[in-house]
file query_11.pdb (PDB, C-alpha atoms, pLDDT in the B column)
ATOM      1  CA  GLN B 976      61.233  98.337 130.885  1.00 44.00           C
ATOM      2  CA  MET B 977      57.846  97.784 129.296  1.00 47.00           C
ATOM      3  CA  GLY B 978      56.872  96.579 125.896  1.00 48.00           C
ATOM      4  CA  SER B 979      54.520  94.749 123.621  1.00 50.00           C
ATOM      5  CA  PRO B 980      55.076  91.057 122.885  1.00 51.00           C
ATOM      6  CA  ALA B 981      52.806  91.164 119.845  1.00 54.00           C
ATOM      7  CA  ARG B 982      52.847  94.136 117.503  1.00 53.00           C
ATOM      8  CA  VAL B 983      49.601  95.015 115.746  1.00 57.00           C
ATOM      9  CA  GLY B 984      50.136  96.407 112.263  1.00 58.00           C
ATOM     10  CA  PRO B 985      53.349  97.324 110.477  1.00 60.00           C
ATOM     11  CA  ALA B 986      56.467  98.289 112.374  1.00 57.00           C
ATOM     12  CA  PRO B 987      57.119 102.010 112.643  1.00 59.00           C
ATOM     13  CA  PRO B 988      60.373 103.149 111.059  1.00 64.00           C
ATOM     14  CA  LEU B 989      63.374 102.896 113.345  1.00 66.00           C
ATOM     15  CA  GLU B 990      64.880 106.327 113.930  1.00 72.00           C
ATOM     16  CA  LEU B 991      68.395 106.116 115.302  1.00 77.00           C
ATOM     17  CA  ASP B 992      70.179 109.275 116.324  1.00 75.00           C
ATOM     18  CA  PRO B 993      73.452 110.182 118.001  1.00 85.00           C
ATOM     19  CA  SER B 994      71.760 111.334 121.243  1.00 89.00           C
ATOM     20  CA  PRO B 995      73.605 109.756 124.164  1.00 92.00           C
ATOM     21  CA  PHE B 996      71.940 107.330 126.568  1.00 93.00           C
ATOM     22  CA  VAL B 997      72.693 108.935 129.917  1.00 94.00           C
ATOM     23  CA  ARG B 998      71.021 108.395 133.279  1.00 92.00           C
ATOM     24  CA  GLY B 999      67.321 109.306 132.909  1.00 91.00           C
ATOM     25  CA  THR B1000      67.104 108.858 129.134  1.00 92.00           C
ATOM     26  CA  VAL B1001      63.881 107.198 127.932  1.00 91.00           C
ATOM     27  CA  GLY B1002      64.607 104.888 125.022  1.00 90.00           C
ATOM     28  CA  TRP B1003      62.749 102.742 122.532  1.00 86.00           C
ATOM     29  CA  ALA B1004      64.304  99.425 121.546  1.00 82.00           C
ATOM     30  CA  ALA B1005      62.747  97.957 118.415  1.00 70.00           C
ATOM     31  CA  SER B1006      63.891  94.470 117.550  1.00 68.00           C
ATOM     32  CA  GLY B1007      62.598  94.524 113.981  1.00 62.00           C
ATOM     33  CA  PRO B1008      59.397  94.029 112.025  1.00 60.00           C
ATOM     34  CA  ASP B1009      58.398  90.786 113.761  1.00 59.00           C
ATOM     35  CA  GLY B1010      59.808  91.261 117.247  1.00 60.00           C
ATOM     36  CA  ASP B1011      59.079  92.959 120.530  1.00 67.00           C
ATOM     37  CA  ASP B1012      59.296  96.684 121.097  1.00 74.00           C
ATOM     38  CA  ASP B1013      60.485  97.855 124.515  1.00 81.00           C
ATOM     39  CA  VAL B1014      60.432 101.248 126.192  1.00 84.00           C
ATOM     40  CA  PHE B1015      63.047 101.664 128.908  1.00 88.00           C
ATOM     41  CA  VAL B1016      64.673 104.214 131.211  1.00 89.00           C
ATOM     42  CA  ALA B1017      68.468 104.270 131.460  1.00 90.00           C
ATOM     43  CA  MET B1018      69.328 104.104 135.145  1.00 88.00           C
ATOM     44  CA  ASP B1019      73.041 104.647 134.375  1.00 89.00           C
ATOM     45  CA  ASP B1020      75.022 106.126 131.501  1.00 94.00           C
ATOM     46  CA  LEU B1021      74.884 103.531 128.698  1.00 93.00           C
ATOM     47  CA  PRO B1022      77.159 104.676 125.868  1.00 94.00           C
ATOM     48  CA  GLU B1023      76.899 101.238 124.225  1.00 93.00           C
ATOM     49  CA  LEU B1024      73.236 101.973 123.362  1.00 91.00           C
ATOM     50  CA  THR B1025      73.957 105.260 121.572  1.00 89.00           C
ATOM     51  CA  GLY B1026      73.159 104.825 117.881  1.00 87.00           C
ATOM     52  CA  ARG B1027      71.541 101.412 118.488  1.00 87.00           C
ATOM     53  CA  HIS B1028      68.206 102.511 119.963  1.00 87.00           C
ATOM     54  CA  THR B1029      65.952 105.554 119.714  1.00 87.00           C
ATOM     55  CA  VAL B1030      65.902 108.296 122.371  1.00 90.00           C
ATOM     56  CA  ILE B1031      62.267 109.298 122.935  1.00 88.00           C
ATOM     57  CA  GLY B1032      62.523 111.422 126.071  1.00 89.00           C
ATOM     58  CA  THR B1033      64.114 112.225 129.391  1.00 91.00           C
ATOM     59  CA  VAL B1034      62.876 111.682 132.939  1.00 89.00           C
ATOM     60  CA  VAL B1035      62.535 115.164 134.449  1.00 88.00           C
ATOM     61  CA  SER B1036      61.397 114.102 137.933  1.00 87.00           C
ATOM     62  CA  GLY B1037      60.791 110.915 139.872  1.00 84.00           C
ATOM     63  CA  LEU B1038      63.961 109.052 138.936  1.00 86.00           C
ATOM     64  CA  ASP B1039      64.463 108.344 142.650  1.00 84.00           C
ATOM     65  CA  ALA B1040      61.111 106.495 142.683  1.00 79.00           C
ATOM     66  CA  LEU B1041      62.237 104.315 139.773  1.00 79.00           C
ATOM     67  CA  GLU B1042      65.403 103.443 141.677  1.00 80.00           C
ATOM     68  CA  ARG B1043      63.295 102.106 144.554  1.00 76.00           C
ATOM     69  CA  LEU B1044      61.396  99.643 142.341  1.00 71.00           C
ATOM     70  CA  SER B1045      62.694  96.127 142.580  1.00 55.00           C
ATOM     71  CA  ARG B1046      63.118  94.083 139.412  1.00 57.00           C
ATOM     72  CA  ALA B1047      60.432  91.684 140.671  1.00 51.00           C
ATOM     73  CA  ARG B1048      57.696  94.357 140.656  1.00 62.00           C
ATOM     74  CA  HIS B1049      55.644  95.491 137.692  1.00 67.00           C
ATOM     75  CA  ILE B1050      54.669  99.001 136.677  1.00 66.00           C
ATOM     76  CA  LEU B1051      50.876  98.966 136.470  1.00 72.00           C
ATOM     77  CA  ARG B1052      50.360 102.555 135.307  1.00 72.00           C
ATOM     78  CA  ALA B1053      52.551 105.328 133.940  1.00 70.00           C
ATOM     79  CA  SER B1054      51.838 108.879 132.805  1.00 71.00           C
ATOM     80  CA  ILE B1055      53.601 110.934 130.192  1.00 67.00           C
ATOM     81  CA  VAL B1056      53.372 114.680 130.708  1.00 68.00           C
ATOM     82  CA  VAL B1057      53.395 116.345 127.310  1.00 68.00           C
ATOM     83  CA  ASP B1058      53.315 119.842 128.760  1.00 66.00           C
ATOM     84  CA  PRO B1059      52.489 121.181 132.237  1.00 62.00           C
ATOM     85  CA  GLY B1060      48.745 121.450 131.480  1.00 60.00           C
ATOM     86  CA  SER B1061      48.309 118.151 129.641  1.00 56.00           C
ATOM     87  CA  GLU B1062      48.742 114.549 130.812  1.00 53.00           C
ATOM     88  CA  SER B1063      48.387 111.318 128.844  1.00 50.00           C
ATOM     89  CA  THR B1064      48.125 107.966 130.639  1.00 48.00           C
ATOM     90  CA  LEU B1065      49.611 104.790 129.189  1.00 46.00           C
TER      91      LEU B1065
END
call {"tool": "encode", "arguments": {"input": "query_11.pdb", "output": "structure tokens"}}
result
Amino acid sequence: QMGSPARVGPAPPLELDPSPFVRGTVGWAASGPDGDDDVFVAMDDLPELTGRHTVIGTVVSGLDALERLSRARHILRASIVVDPGSESTL
């Protein structure tokens, strides 16, 4: 899970959809106009999140590496592959 404790600018609109939160789903949890936004990966099926948060992607490889991270460690860098020839670093 990663997020921003202080939003800069107006909150983006919250887009909820019926896509299920299954293992490997990347989600966005927005707490409202004045709260934190969090991006997270579902490590298990989480049907209770369906319709409550926004699905923004799916992990296509490397889920085993995420499983090896302990909760005490921090992710220092992550990359989002938009297509096979293009990479964007967070």
call {"tool": "resolve_selection", "arguments": {"input": "query_11.pdb", "expression": "the PyMOL selection byres ((chain B and resi 1035) around 10)", "output": "MDAnalysis selection string"}}
result
chainID B and resid 999:1000 1032:1034 1036:1038 1056
call {"tool": "closest_residue", "arguments": {"input": "query_11.pdb", "among": "B:Asp1012, B:Glu1042, B:Glu990, B:Ser1054", "to": "Gly1026 of chain B", "atoms": "all atoms listed in the file"}}
result
B:Glu990
call {"tool": "atom_distance", "arguments": {"input": "query_11.pdb", "atom1": "atom CA of Arg1052 of chain B", "atom2": "atom CA of Thr1025 of chain B"}}
result
27.4 Å
call {"tool": "residues_around", "arguments": {"input": "query_11.pdb", "residues": "Val1030 of chain B", "least_positions_apart": "2", "cutoff": "12 Å", "atoms": "all atoms listed in the file", "output": "VMD selection string"}}
result
chain B and resid 989 to 997 999 to 1005 1013 to 1017 1021 1024 to 1028 1032 to 1034
call {"tool": "axis_aligned_box", "arguments": {"input": "query_11.pdb", "around": "segment 1024-1042 of chain B", "padding_each_side": "3 Å", "output": "AutoDock Vina command-line options"}}
result
--center_x 67.4 --center_y 108.3 --center_z 130.3 --size_x 19.2 --size_y 19.8 --size_z 30.8
